[in-house]
Amino acid sequence: LQNVRINPSSISFQMWKDIPVPFYLSVHFFEVLNPKEVLQGAKPVLGQRGPYVYREYRNKTNITFHDNDTVSYLEYRNLFFQPHLSNGTEDEYIVVPNILMLGAAVMMEKLPNFLKGLLSTALTLLKQEAFMNRTVGEIMWGYEDPLINAINMIVPGLIPFKGKFGLFMDFNNSNSGLFTVNTGMKNISQVHMVDSWNGLKKVNYWRSSQCNMINGTSGEMWPPFMSPTSLEFYSPDACRSMTLVYEQSGKFQGVPTYRFVAPKTLFANGTDYPPNQGFCPCMQSGIQNVSTCRLNAPMFISHPHFYNADPSLVDAVEGLHPSKEQHGLFLDVHPMTGIPMNCSIKLQLNLYIKHVDGIKQTEDIKPVVLPLLWFAESGSIEGSVLKQFYTNLVLLPSVLDYLQYIFLGLSVPLIISAAVLM
């Protein structure tokens with residue numbers, strides 16, 4: 001118990017403060033192989049590119065202990081490209097949807113026709129097309145686009161950013177918000193449980209109090225003595241709390257683990273799973289509308305390749321091959337300490353595209369949830385950290401456990417002898 005509390009004197013504190021586990025971010029892009037045909041109403045044909053792999057370093061700063069058995073901190077992430085682990089370079093070009101243009105078109109669908117006409121004219125003058133040929137680095141970390149200024153001028157506030165646009169611009173050299181979690185000093189069953197995020201006890205992205213709740217931990221560690229049922233964590237990237245369910249027991253490098261996976265209901269719509277009604281407006285099961293926490297852009301998250309999703313989503317495009325082995329997420333956790341030994345969290349980012357009246361650049365595009373990319377954040381305890389963990393938190397407790405039975409066994413004859421002598 002002493003070793004799993006958030007306390008500078010505990011064994012796990014340094015691991016919690018500066019995570020020594022090598023984490024990797026692997027990004028797979030979906031290239032649109034028939035962009036001209038899609039503009040004429042054809043089904044998109046996709047080709048998967050990558051992975052483009054980044055070494056991820058995490059460290060906590062602004063660590064502040066409070067009198068109410070909590071500690072707050074900021075955790076920063078820094079990513080470094082790993083050419084030797086990647087299937088391609090950041091300089092490679094990929095044909096992908098023009099996210100700014102197609103996203104803005106759907107966002108403006110219900111606005112007056114003259115505004116949509118202005119956007120359509122601006123798109124023509126700026127030579128903007130529905131699909132663009134950009135490098136991996138540009139799509140990831142940002143590119144300058146005159147369309148940003150044009151949109152800001154036509155509909156101020158529609159996209160609250162200026163300059164560059166990139167899907168992972170806010171992911172690198174940034175933190176995931178101010179977490180305040182329980183230290184477990186008074187109640188070990190509450191250790192790592194989130195008390196607040198950015199000062200909030202709940203978020204306001206969704207339509208029900210249940211969906212807005214901040215449940216579980218921050219996703220790094222869990223309370224000890226876990227039961228084989230479920231675990232929860234709050235994900236700022238998904239803007240919601242997630243519940244994973246127990247699948248099976250196993251071992252990782254000799255350490256006993258419980259494997260937790262995503263239930264089929266994780267991204268189910270409100271019709272198939274009523275508790276998810278608060279995440280609506282919904283489309284098919286298997287995709288979650290995150291527009292309310294993504295600048296109102298028509299974005300959806302899902303499992304990669306629409307794994308565990310409505311088959312119609314897979315059928316609407318060509319080139320997807322969902323499988324549990326490649327696209328299912330999992331967490332292998334040591335149940336006695338609540339420390340993850342091996343994990344791979346996978347999510348897919350999708351853009352809803354369609355024809356919008358008044359914007360001629362979208363003519364004949366059929367409505368479709370188009371996969372943009374999927375990524376996996378993976379890591380496992382290894383090397384000297386694994387050895388220390390195994391020795392201090394697995395081997396020694398096991399030895400002590402055996403010793404108590406040995407001593408108990410030795411004490412029985414002594415007790416009987418003493419009773420006989422008496």
# chains A, B, ... in the order shown; residues from 1 in each chain; ligands from 1
>>> residues_around(residues="Gly270 of chain A", least_positions_apart="5", cutoff="10 Å", atoms="only C-alpha atoms", output="number ranges by chain")
A: 265, 275-285
>>> write_last_selection(atoms="C-alpha atoms", output="PDB file, in the first residue's frame")
ATOM      1  CA  THR A 265     -21.147  -0.346 -26.601  1.00  0.00           C
ATOM      2  CA  PRO A 275     -26.927   5.523 -21.961  1.00  0.00           C
ATOM      3  CA  ASN A 276     -25.038   6.945 -24.966  1.00  0.00           C
ATOM      4  CA  GLN A 277     -27.994   9.112 -25.995  1.00  0.00           C
ATOM      5  CA  GLY A 278     -26.232  12.053 -24.357  1.00  0.00           C
ATOM      6  CA  PHE A 279     -23.450  11.846 -26.959  1.00  0.00           C
ATOM      7  CA  CYS A 280     -25.927  12.388 -29.795  1.00  0.00           C
ATOM      8  CA  PRO A 281     -26.851  13.630 -32.389  1.00  0.00           C
ATOM      9  CA  CYS A 282     -25.764  10.171 -33.501  1.00  0.00           C
ATOM     10  CA  MET A 283     -25.335   8.358 -36.765  1.00  0.00           C
ATOM     11  CA  GLN A 284     -24.602   4.633 -37.055  1.00  0.00           C
ATOM     12  CA  SER A 285     -23.300   2.705 -34.068  1.00  0.00           C
TER      13      SER A 285
END
>>> residues_around(residues="Ile287 of chain A", least_positions_apart="4", cutoff="6 Å", atoms="only C-alpha atoms", output="compact mmCIF listing (two decimals) with N, CA, C and O atoms, in the first residue's frame")
# COMPACT_ATOMS: atom_id res chain seq x y z
N PHE A 267 -18.78 3.06 -28.44
CA PHE A 267 -19.16 4.09 -29.40
C PHE A 267 -20.53 3.80 -30.03
O PHE A 267 -20.83 4.30 -31.11
N PHE A 300 -15.76 12.72 -36.19
CA PHE A 300 -16.21 11.54 -35.46
C PHE A 300 -14.99 10.72 -35.06
O PHE A 300 -13.99 10.68 -35.80
N ILE A 301 -15.08 10.07 -33.90
CA ILE A 301 -14.04 9.13 -33.51
C ILE A 301 -14.62 7.72 -33.52
O ILE A 301 -15.83 7.53 -33.38
N SER A 302 -13.75 6.74 -33.70
CA SER A 302 -14.18 5.35 -33.76
C SER A 302 -12.97 4.46 -33.51
O SER A 302 -11.85 4.95 -33.34
>>> select_by_dssp(residues="segment 75-309 of chain A", states="strand (DSSP E)", output="PyMOL selection string")
chain A and resi 75-81+93-97+131-135+143-144+164-165+174-182+194-197+230-235+240-252+255-261+287-289+299-302
>>> residues_around(residues="segment 375-387 of chain A", least_positions_apart="6", cutoff="9 Å", atoms="only C-alpha atoms", output="PDB file with N, CA, C and O atoms, in the first residue's frame")
ATOM      1  N   MET A  15       8.019   6.643 -11.030  1.00  0.00           N
ATOM      2  CA  MET A  15       7.412   6.109 -12.252  1.00  0.00           C
ATOM      3  C   MET A  15       6.207   6.942 -12.651  1.00  0.00           C
ATOM      4  O   MET A  15       5.957   7.166 -13.839  1.00  0.00           O
ATOM      5  N   PRO A  20       8.835   6.152 -17.083  1.00  0.00           N
ATOM      6  CA  PRO A  20      10.030   5.593 -17.727  1.00  0.00           C
ATOM      7  C   PRO A  20       9.710   4.636 -18.862  1.00  0.00           C
ATOM      8  O   PRO A  20      10.593   4.186 -19.574  1.00  0.00           O
ATOM      9  N   VAL A  21       8.444   4.306 -19.020  1.00  0.00           N
ATOM     10  CA  VAL A  21       8.041   3.362 -20.059  1.00  0.00           C
ATOM     11  C   VAL A  21       8.159   4.034 -21.433  1.00  0.00           C
ATOM     12  O   VAL A  21       7.656   5.144 -21.625  1.00  0.00           O
ATOM     13  N   PRO A  22       8.834   3.389 -22.394  1.00  0.00           N
ATOM     14  CA  PRO A  22       8.927   3.975 -23.737  1.00  0.00           C
ATOM     15  C   PRO A  22       7.582   3.914 -24.456  1.00  0.00           C
ATOM     16  O   PRO A  22       7.116   2.832 -24.814  1.00  0.00           O
ATOM     17  N   PHE A  23       6.955   5.064 -24.642  1.00  0.00           N
ATOM     18  CA  PHE A  23       5.684   5.142 -25.352  1.00  0.00           C
ATOM     19  C   PHE A  23       5.935   5.526 -26.808  1.00  0.00           C
ATOM     20  O   PHE A  23       6.848   6.306 -27.119  1.00  0.00           O
ATOM     21  N   TYR A  24       5.107   4.976 -27.679  1.00  0.00           N
ATOM     22  CA  TYR A  24       5.223   5.292 -29.096  1.00  0.00           C
ATOM     23  C   TYR A  24       3.851   5.651 -29.655  1.00  0.00           C
ATOM     24  O   TYR A  24       2.845   5.025 -29.315  1.00  0.00           O
ATOM     25  N   LEU A  25       3.831   6.663 -30.509  1.00  0.00           N
ATOM     26  CA  LEU A  25       2.630   7.048 -31.233  1.00  0.00           C
ATOM     27  C   LEU A  25       2.815   6.612 -32.681  1.00  0.00           C
ATOM     28  O   LEU A  25       3.738   7.068 -33.362  1.00  0.00           O
ATOM     29  N   SER A  26       1.963   5.708 -33.138  1.00  0.00           N
ATOM     30  CA  SER A  26       2.022   5.209 -34.517  1.00  0.00           C
ATOM     31  C   SER A  26       0.802   5.716 -35.275  1.00  0.00           C
ATOM     32  O   SER A  26      -0.331   5.442 -34.873  1.00  0.00           O
ATOM     33  N   VAL A  27       1.050   6.449 -36.348  1.00  0.00           N
ATOM     34  CA  VAL A  27      -0.036   7.077 -37.109  1.00  0.00           C
ATOM     35  C   VAL A  27      -0.144   6.434 -38.492  1.00  0.00           C
ATOM     36  O   VAL A  27       0.845   6.311 -39.213  1.00  0.00           O
ATOM     37  N   HIS A  28      -1.363   6.034 -38.849  1.00  0.00           N
ATOM     38  CA  HIS A  28      -1.651   5.464 -40.165  1.00  0.00           C
ATOM     39  C   HIS A  28      -2.625   6.400 -40.880  1.00  0.00           C
ATOM     40  O   HIS A  28      -3.706   6.680 -40.362  1.00  0.00           O
ATOM     41  N   PHE A  29      -2.254   6.869 -42.059  1.00  0.00           N
ATOM     42  CA  PHE A  29      -3.133   7.745 -42.845  1.00  0.00           C
ATOM     43  C   PHE A  29      -3.909   6.931 -43.879  1.00  0.00           C
ATOM     44  O   PHE A  29      -3.446   5.897 -44.357  1.00  0.00           O
ATOM     45  N   PRO A  51       2.959   2.704 -40.884  1.00  0.00           N
ATOM     46  CA  PRO A  51       2.829   3.732 -39.839  1.00  0.00           C
ATOM     47  C   PRO A  51       3.980   4.734 -39.847  1.00  0.00           C
ATOM     48  O   PRO A  51       5.098   4.415 -40.253  1.00  0.00           O
ATOM     49  N   GLU A  56       7.383   8.976 -27.802  1.00  0.00           N
ATOM     50  CA  GLU A  56       6.629   9.916 -26.977  1.00  0.00           C
ATOM     51  C   GLU A  56       7.217   9.971 -25.570  1.00  0.00           C
ATOM     52  O   GLU A  56       7.357   8.952 -24.907  1.00  0.00           O
ATOM     53  N   GLN A 253       5.667 -10.835 -19.117  1.00  0.00           N
ATOM     54  CA  GLN A 253       7.029 -10.994 -18.606  1.00  0.00           C
ATOM     55  C   GLN A 253       7.036 -11.548 -17.178  1.00  0.00           C
ATOM     56  O   GLN A 253       7.804 -11.119 -16.330  1.00  0.00           O
ATOM     57  N   PRO A 304     -10.228   1.901 -35.114  1.00  0.00           N
ATOM     58  CA  PRO A 304      -9.641   1.864 -36.459  1.00  0.00           C
ATOM     59  C   PRO A 304     -10.394   0.920 -37.400  1.00  0.00           C
ATOM     60  O   PRO A 304     -10.878  -0.138 -36.988  1.00  0.00           O
ATOM     61  N   HIS A 327      -6.865  -3.840 -34.631  1.00  0.00           N
ATOM     62  CA  HIS A 327      -7.572  -2.587 -34.402  1.00  0.00           C
ATOM     63  C   HIS A 327      -8.282  -2.495 -33.053  1.00  0.00           C
ATOM     64  O   HIS A 327      -8.869  -1.464 -32.742  1.00  0.00           O
ATOM     65  N   LEU A 329      -8.335  -2.111 -29.017  1.00  0.00           N
ATOM     66  CA  LEU A 329      -7.464  -1.553 -27.978  1.00  0.00           C
ATOM     67  C   LEU A 329      -7.467  -2.463 -26.755  1.00  0.00           C
ATOM     68  O   LEU A 329      -8.394  -3.238 -26.539  1.00  0.00           O
ATOM     69  N   PRO A 340      -0.322  -0.361 -15.222  1.00  0.00           N
ATOM     70  CA  PRO A 340      -0.356  -1.006 -16.544  1.00  0.00           C
ATOM     71  C   PRO A 340       1.023  -1.563 -16.900  1.00  0.00           C
ATOM     72  O   PRO A 340       2.037  -0.883 -16.726  1.00  0.00           O
ATOM     73  N   MET A 341       1.045  -2.768 -17.400  1.00  0.00           N
ATOM     74  CA  MET A 341       2.291  -3.402 -17.829  1.00  0.00           C
ATOM     75  C   MET A 341       2.480  -3.302 -19.339  1.00  0.00           C
ATOM     76  O   MET A 341       3.601  -3.214 -19.833  1.00  0.00           O
ATOM     77  N   ASN A 342       1.364  -3.331 -20.068  1.00  0.00           N
ATOM     78  CA  ASN A 342       1.417  -3.339 -21.525  1.00  0.00           C
ATOM     79  C   ASN A 342       0.095  -2.774 -22.037  1.00  0.00           C
ATOM     80  O   ASN A 342      -0.965  -3.145 -21.543  1.00  0.00           O
ATOM     81  N   CYS A 343       0.149  -1.839 -22.982  1.00  0.00           N
ATOM     82  CA  CYS A 343      -1.098  -1.234 -23.458  1.00  0.00           C
ATOM     83  C   CYS A 343      -0.972  -0.765 -24.896  1.00  0.00           C
ATOM     84  O   CYS A 343       0.131  -0.510 -25.398  1.00  0.00           O
ATOM     85  N   SER A 344      -2.103  -0.665 -25.548  1.00  0.00           N
ATOM     86  CA  SER A 344      -2.179  -0.097 -26.883  1.00  0.00           C
ATOM     87  C   SER A 344      -3.566   0.513 -27.055  1.00  0.00           C
ATOM     88  O   SER A 344      -4.558  -0.204 -27.195  1.00  0.00           O
ATOM     89  N   ILE A 345      -3.625   1.835 -26.973  1.00  0.00           N
ATOM     90  CA  ILE A 345      -4.885   2.564 -27.101  1.00  0.00           C
ATOM     91  C   ILE A 345      -4.997   3.090 -28.531  1.00  0.00           C
ATOM     92  O   ILE A 345      -4.149   3.857 -28.978  1.00  0.00           O
ATOM     93  N   LYS A 346      -6.042   2.670 -29.231  1.00  0.00           N
ATOM     94  CA  LYS A 346      -6.173   2.986 -30.655  1.00  0.00           C
ATOM     95  C   LYS A 346      -7.474   3.730 -30.931  1.00  0.00           C
ATOM     96  O   LYS A 346      -8.530   3.332 -30.440  1.00  0.00           O
ATOM     97  N   LEU A 347      -7.371   4.790 -31.713  1.00  0.00           N
ATOM     98  CA  LEU A 347      -8.545   5.567 -32.103  1.00  0.00           C
ATOM     99  C   LEU A 347      -8.421   5.997 -33.559  1.00  0.00           C
ATOM    100  O   LEU A 347      -7.300   6.179 -34.076  1.00  0.00           O
ATOM    101  N   GLN A 348      -9.550   6.180 -34.202  1.00  0.00           N
ATOM    102  CA  GLN A 348      -9.582   6.655 -35.586  1.00  0.00           C
ATOM    103  C   GLN A 348     -10.312   7.987 -35.656  1.00  0.00           C
ATOM    104  O   GLN A 348     -11.321   8.185 -34.976  1.00  0.00           O
ATOM    105  N   LEU A 349      -9.789   8.887 -36.482  1.00  0.00           N
ATOM    106  CA  LEU A 349     -10.402  10.201 -36.692  1.00  0.00           C
ATOM    107  C   LEU A 349     -11.070  10.200 -38.050  1.00  0.00           C
ATOM    108  O   LEU A 349     -10.457   9.828 -39.064  1.00  0.00           O
TER     109      LEU A 349
END
>>> residues_around(residues="Ser196 of chain A", least_positions_apart="4", cutoff="6 Å", atoms="only C-alpha atoms", output="PyMOL selection string")
chain A and resi 180+200-201
>>> closest_atom_pairs(of="segment 310-352 of chain A", to="segment 99-123 of chain A", cutoff="12 Å", atoms="only C-alpha atoms", output="CSV")
residue,atom,partner,partner_atom,distance
A:Leu349,CA,A:Ile99,CA,11.5
A:Asn350,CA,A:Ile99,CA,10.1
A:Leu351,CA,A:Gly103,CA,7.5
A:Tyr352,CA,A:Gly103,CA,7.6
>>> residues_around(residues="segment 236-247 of chain A", least_positions_apart="2", cutoff="7 Å", atoms="only C-alpha atoms", output="VMD selection string")
chain A and resid 176 212 214 to 215 228 to 234 258 to 263 293
>>> write_last_selection(atoms="C-alpha atoms", output="tab-separated table (two decimals), in the first residue's frame")
chain	number	residue	atom	x	y	z
A	176	SER	CA	-3.56	17.52	-21.65
A	212	ASN	CA	-20.50	14.73	-18.92
A	214	ILE	CA	-15.43	12.76	-15.25
A	215	ASN	CA	-14.99	9.20	-14.02
A	228	PRO	CA	-11.87	-8.53	-12.86
A	229	THR	CA	-14.82	-6.37	-13.87
A	230	SER	CA	-14.05	-2.99	-15.46
A	231	LEU	CA	-11.90	0.12	-15.25
A	232	GLU	CA	-12.58	3.76	-16.10
A	233	PHE	CA	-10.49	6.73	-17.18
A	234	TYR	CA	-11.06	10.24	-18.47
A	258	TYR	CA	-5.83	-8.49	-16.16
A	259	ARG	CA	-6.60	-7.54	-19.76
A	260	PHE	CA	-9.26	-4.87	-20.26
A	261	VAL	CA	-10.76	-4.10	-23.67
A	262	ALA	CA	-13.39	-1.79	-25.13
A	263	PRO	CA	-16.97	-3.10	-24.98
A	293	CYS	CA	-15.54	19.48	-28.45
>>> closest_residue(among="A:Val38, A:Phe65, A:Ile159, A:Phe30", to="Pro367 of chain A", atoms="only C-alpha atoms")
A:Val38
>>> atom_distance(atom1="atom CA of Gln14 of chain A", atom2="atom CA of Ile188 of chain A")
18.1 Å
>>> residues_around(residues="Asn175 of chain A", least_positions_apart="2", cutoff="7 Å", atoms="only C-alpha atoms", output="list in words")
Leu74, Glu75, Tyr76, Arg77 and Gly177 of chain A
>>> write_last_selection(atoms="N, CA, C and O atoms", output="PDB file, in the first residue's frame")
ATOM      1  N   LEU A  74       0.414  19.120 -14.351  1.00  0.00           N
ATOM      2  CA  LEU A  74       0.309  19.206 -15.802  1.00  0.00           C
ATOM      3  C   LEU A  74       1.251  18.154 -16.377  1.00  0.00           C
ATOM      4  O   LEU A  74       2.395  18.043 -15.923  1.00  0.00           O
ATOM      5  N   GLU A  75       0.786  17.395 -17.343  1.00  0.00           N
ATOM      6  CA  GLU A  75       1.658  16.417 -17.995  1.00  0.00           C
ATOM      7  C   GLU A  75       1.890  16.817 -19.436  1.00  0.00           C
ATOM      8  O   GLU A  75       0.937  16.983 -20.207  1.00  0.00           O
ATOM      9  N   TYR A  76       3.154  16.983 -19.786  1.00  0.00           N
ATOM     10  CA  TYR A  76       3.520  17.406 -21.136  1.00  0.00           C
ATOM     11  C   TYR A  76       3.944  16.214 -21.984  1.00  0.00           C
ATOM     12  O   TYR A  76       4.553  15.256 -21.488  1.00  0.00           O
ATOM     13  N   ARG A  77       3.607  16.288 -23.256  1.00  0.00           N
ATOM     14  CA  ARG A  77       3.986  15.253 -24.214  1.00  0.00           C
ATOM     15  C   ARG A  77       4.903  15.868 -25.266  1.00  0.00           C
ATOM     16  O   ARG A  77       4.624  16.949 -25.796  1.00  0.00           O
ATOM     17  N   GLY A 177      -4.130  19.244 -20.027  1.00  0.00           N
ATOM     18  CA  GLY A 177      -4.993  19.897 -19.056  1.00  0.00           C
ATOM     19  C   GLY A 177      -4.536  19.650 -17.630  1.00  0.00           C
ATOM     20  O   GLY A 177      -3.718  18.762 -17.352  1.00  0.00           O
TER      21      GLY A 177
END
>>> select_by_dssp(residues="segment 119-206 of chain A", states="alpha helix (DSSP H)", output="ChimeraX atom specification")
/A:119-125,136-141,146-154
>>> write_last_selection(atoms="C-alpha atoms", output="PDB file, in the first residue's frame")
ATOM      1  CA  LEU A 119     -17.187  30.839 -49.455  1.00  0.00           C
ATOM      2  CA  SER A 120     -17.672  29.163 -52.837  1.00  0.00           C
ATOM      3  CA  THR A 121     -16.271  32.245 -54.598  1.00  0.00           C
ATOM      4  CA  ALA A 122     -13.338  32.407 -52.179  1.00  0.00           C
ATOM      5  CA  LEU A 123     -12.596  28.736 -52.791  1.00  0.00           C
ATOM      6  CA  THR A 124     -12.480  29.383 -56.545  1.00  0.00           C
ATOM      7  CA  LEU A 125     -10.223  32.454 -56.200  1.00  0.00           C
ATOM      8  CA  VAL A 136       2.748  13.835 -43.809  1.00  0.00           C
ATOM      9  CA  GLY A 137       4.589  16.519 -41.838  1.00  0.00           C
ATOM     10  CA  GLU A 138       2.223  19.244 -43.053  1.00  0.00           C
ATOM     11  CA  ILE A 139      -0.895  17.249 -42.212  1.00  0.00           C
ATOM     12  CA  MET A 140       0.504  16.351 -38.794  1.00  0.00           C
ATOM     13  CA  TRP A 141       2.145  19.581 -37.635  1.00  0.00           C
ATOM     14  CA  PRO A 146      -5.032  31.336 -47.098  1.00  0.00           C
ATOM     15  CA  LEU A 147      -8.405  29.637 -46.656  1.00  0.00           C
ATOM     16  CA  ILE A 148      -8.071  30.137 -42.887  1.00  0.00           C
ATOM     17  CA  ASN A 149      -8.088  33.928 -43.266  1.00  0.00           C
ATOM     18  CA  ALA A 150     -10.875  33.751 -45.857  1.00  0.00           C
ATOM     19  CA  ILE A 151     -13.151  31.725 -43.565  1.00  0.00           C
ATOM     20  CA  ASN A 152     -12.392  34.028 -40.628  1.00  0.00           C
ATOM     21  CA  MET A 153     -13.370  37.018 -42.779  1.00  0.00           C
ATOM     22  CA  ILE A 154     -16.588  35.476 -44.161  1.00  0.00           C
TER      23      ILE A 154
END
>>> residues_around(residues="Tyr73 of chain A", least_positions_apart="5", cutoff="6 Å", atoms="only C-alpha atoms", output="ChimeraX atom specification")
/A:61-63,178-179
>>> write_last_selection(atoms="N, CA, C and O atoms", output="PDB file, in the first residue's frame")
ATOM      1  N   THR A  61       4.760  18.330 -14.552  1.00  0.00           N
ATOM      2  CA  THR A  61       5.284  19.570 -13.973  1.00  0.00           C
ATOM      3  C   THR A  61       4.191  20.191 -13.094  1.00  0.00           C
ATOM      4  O   THR A  61       3.050  19.727 -13.075  1.00  0.00           O
ATOM      5  N   ASN A  62       4.562  21.253 -12.387  1.00  0.00           N
ATOM      6  CA  ASN A  62       3.598  21.959 -11.527  1.00  0.00           C
ATOM      7  C   ASN A  62       2.915  21.004 -10.545  1.00  0.00           C
ATOM      8  O   ASN A  62       1.715  21.147 -10.275  1.00  0.00           O
ATOM      9  N   ILE A  63       3.659  20.023 -10.038  1.00  0.00           N
ATOM     10  CA  ILE A  63       3.097  19.062  -9.085  1.00  0.00           C
ATOM     11  C   ILE A  63       2.848  19.765  -7.757  1.00  0.00           C
ATOM     12  O   ILE A  63       3.780  20.277  -7.135  1.00  0.00           O
ATOM     13  N   LEU A 178      -5.050  20.454 -16.708  1.00  0.00           N
ATOM     14  CA  LEU A 178      -4.665  20.352 -15.298  1.00  0.00           C
ATOM     15  C   LEU A 178      -5.491  19.265 -14.623  1.00  0.00           C
ATOM     16  O   LEU A 178      -6.688  19.419 -14.407  1.00  0.00           O
ATOM     17  N   PHE A 179      -4.830  18.160 -14.301  1.00  0.00           N
ATOM     18  CA  PHE A 179      -5.483  17.069 -13.582  1.00  0.00           C
ATOM     19  C   PHE A 179      -5.254  17.234 -12.081  1.00  0.00           C
ATOM     20  O   PHE A 179      -4.155  17.573 -11.645  1.00  0.00           O
TER      21      PHE A 179
END
>>> atom_distance(atom1="atom CA of Lys60 of chain A", atom2="atom CA of Asn187 of chain A")
23.0 Å
>>> decode(residues="segment 279-338 of chain A", atoms="C-alpha atoms", output="PDB file, in the first residue's frame")
ATOM      1  CA  PHE A 279     -23.450  11.846 -26.959  1.00  0.00           C
ATOM      2  CA  CYS A 280     -25.927  12.388 -29.795  1.00  0.00           C
ATOM      3  CA  PRO A 281     -26.851  13.630 -32.389  1.00  0.00           C
ATOM      4  CA  CYS A 282     -25.764  10.171 -33.501  1.00  0.00           C
ATOM      5  CA  MET A 283     -25.335   8.358 -36.765  1.00  0.00           C
ATOM      6  CA  GLN A 284     -24.602   4.633 -37.055  1.00  0.00           C
ATOM      7  CA  SER A 285     -23.300   2.705 -34.068  1.00  0.00           C
ATOM      8  CA  GLY A 286     -19.526   2.567 -33.856  1.00  0.00           C
ATOM      9  CA  ILE A 287     -18.791   6.261 -34.376  1.00  0.00           C
ATOM     10  CA  GLN A 288     -19.094   9.078 -31.869  1.00  0.00           C
ATOM     11  CA  ASN A 289     -19.854  12.643 -32.846  1.00  0.00           C
ATOM     12  CA  VAL A 290     -17.186  14.863 -31.236  1.00  0.00           C
ATOM     13  CA  SER A 291     -18.102  18.090 -33.030  1.00  0.00           C
ATOM     14  CA  THR A 292     -19.097  19.778 -29.754  1.00  0.00           C
ATOM     15  CA  CYS A 293     -15.536  19.476 -28.450  1.00  0.00           C
ATOM     16  CA  ARG A 294     -13.802  19.938 -31.813  1.00  0.00           C
ATOM     17  CA  LEU A 295     -14.767  23.483 -32.787  1.00  0.00           C
ATOM     18  CA  ASN A 296     -18.135  22.209 -34.142  1.00  0.00           C
ATOM     19  CA  ALA A 297     -16.363  20.567 -37.070  1.00  0.00           C
ATOM     20  CA  PRO A 298     -18.112  17.412 -38.406  1.00  0.00           C
ATOM     21  CA  MET A 299     -15.609  15.052 -36.774  1.00  0.00           C
ATOM     22  CA  PHE A 300     -16.207  11.538 -35.457  1.00  0.00           C
ATOM     23  CA  ILE A 301     -14.037   9.128 -33.510  1.00  0.00           C
ATOM     24  CA  SER A 302     -14.180   5.346 -33.760  1.00  0.00           C
ATOM     25  CA  HIS A 303     -12.087   2.234 -33.529  1.00  0.00           C
ATOM     26  CA  PRO A 304      -9.641   1.864 -36.459  1.00  0.00           C
ATOM     27  CA  HIS A 305     -11.155   0.570 -39.715  1.00  0.00           C
ATOM     28  CA  PHE A 306     -14.590   0.915 -38.044  1.00  0.00           C
ATOM     29  CA  TYR A 307     -13.911  -2.171 -35.945  1.00  0.00           C
ATOM     30  CA  ASN A 308     -16.995  -3.021 -33.825  1.00  0.00           C
ATOM     31  CA  ALA A 309     -19.064  -0.551 -35.876  1.00  0.00           C
ATOM     32  CA  ASP A 310     -22.163  -0.825 -38.037  1.00  0.00           C
ATOM     33  CA  PRO A 311     -21.162  -2.731 -41.227  1.00  0.00           C
ATOM     34  CA  SER A 312     -22.660   0.036 -43.369  1.00  0.00           C
ATOM     35  CA  LEU A 313     -19.756   2.313 -42.372  1.00  0.00           C
ATOM     36  CA  VAL A 314     -17.222  -0.188 -43.733  1.00  0.00           C
ATOM     37  CA  ASP A 315     -19.306  -0.789 -46.863  1.00  0.00           C
ATOM     38  CA  ALA A 316     -19.516   2.949 -47.632  1.00  0.00           C
ATOM     39  CA  VAL A 317     -15.809   3.019 -48.553  1.00  0.00           C
ATOM     40  CA  GLU A 318     -13.349   0.548 -50.048  1.00  0.00           C
ATOM     41  CA  GLY A 319     -10.076  -0.470 -48.430  1.00  0.00           C
ATOM     42  CA  LEU A 320     -11.055  -1.138 -44.816  1.00  0.00           C
ATOM     43  CA  HIS A 321     -10.408  -4.489 -43.139  1.00  0.00           C
ATOM     44  CA  PRO A 322     -11.385  -4.352 -39.453  1.00  0.00           C
ATOM     45  CA  SER A 323      -9.940  -6.979 -37.117  1.00  0.00           C
ATOM     46  CA  LYS A 324      -9.644  -7.340 -33.365  1.00  0.00           C
ATOM     47  CA  GLU A 325      -5.935  -8.224 -33.503  1.00  0.00           C
ATOM     48  CA  GLN A 326      -4.921  -5.093 -35.412  1.00  0.00           C
ATOM     49  CA  HIS A 327      -7.572  -2.587 -34.402  1.00  0.00           C
ATOM     50  CA  GLY A 328      -8.836  -3.515 -30.941  1.00  0.00           C
ATOM     51  CA  LEU A 329      -7.464  -1.553 -27.978  1.00  0.00           C
ATOM     52  CA  PHE A 330      -6.325  -3.181 -24.734  1.00  0.00           C
ATOM     53  CA  LEU A 331      -4.770  -2.530 -21.338  1.00  0.00           C
ATOM     54  CA  ASP A 332      -2.853  -5.209 -19.419  1.00  0.00           C
ATOM     55  CA  VAL A 333      -2.828  -4.143 -15.767  1.00  0.00           C
ATOM     56  CA  HIS A 334      -1.128  -5.705 -12.742  1.00  0.00           C
ATOM     57  CA  PRO A 335      -4.215  -6.176 -10.524  1.00  0.00           C
ATOM     58  CA  MET A 336      -2.411  -5.986  -7.183  1.00  0.00           C
ATOM     59  CA  THR A 337      -0.868  -2.531  -7.854  1.00  0.00           C
ATOM     60  CA  GLY A 338      -3.114  -1.121 -10.603  1.00  0.00           C
TER      61      GLY A 338
END
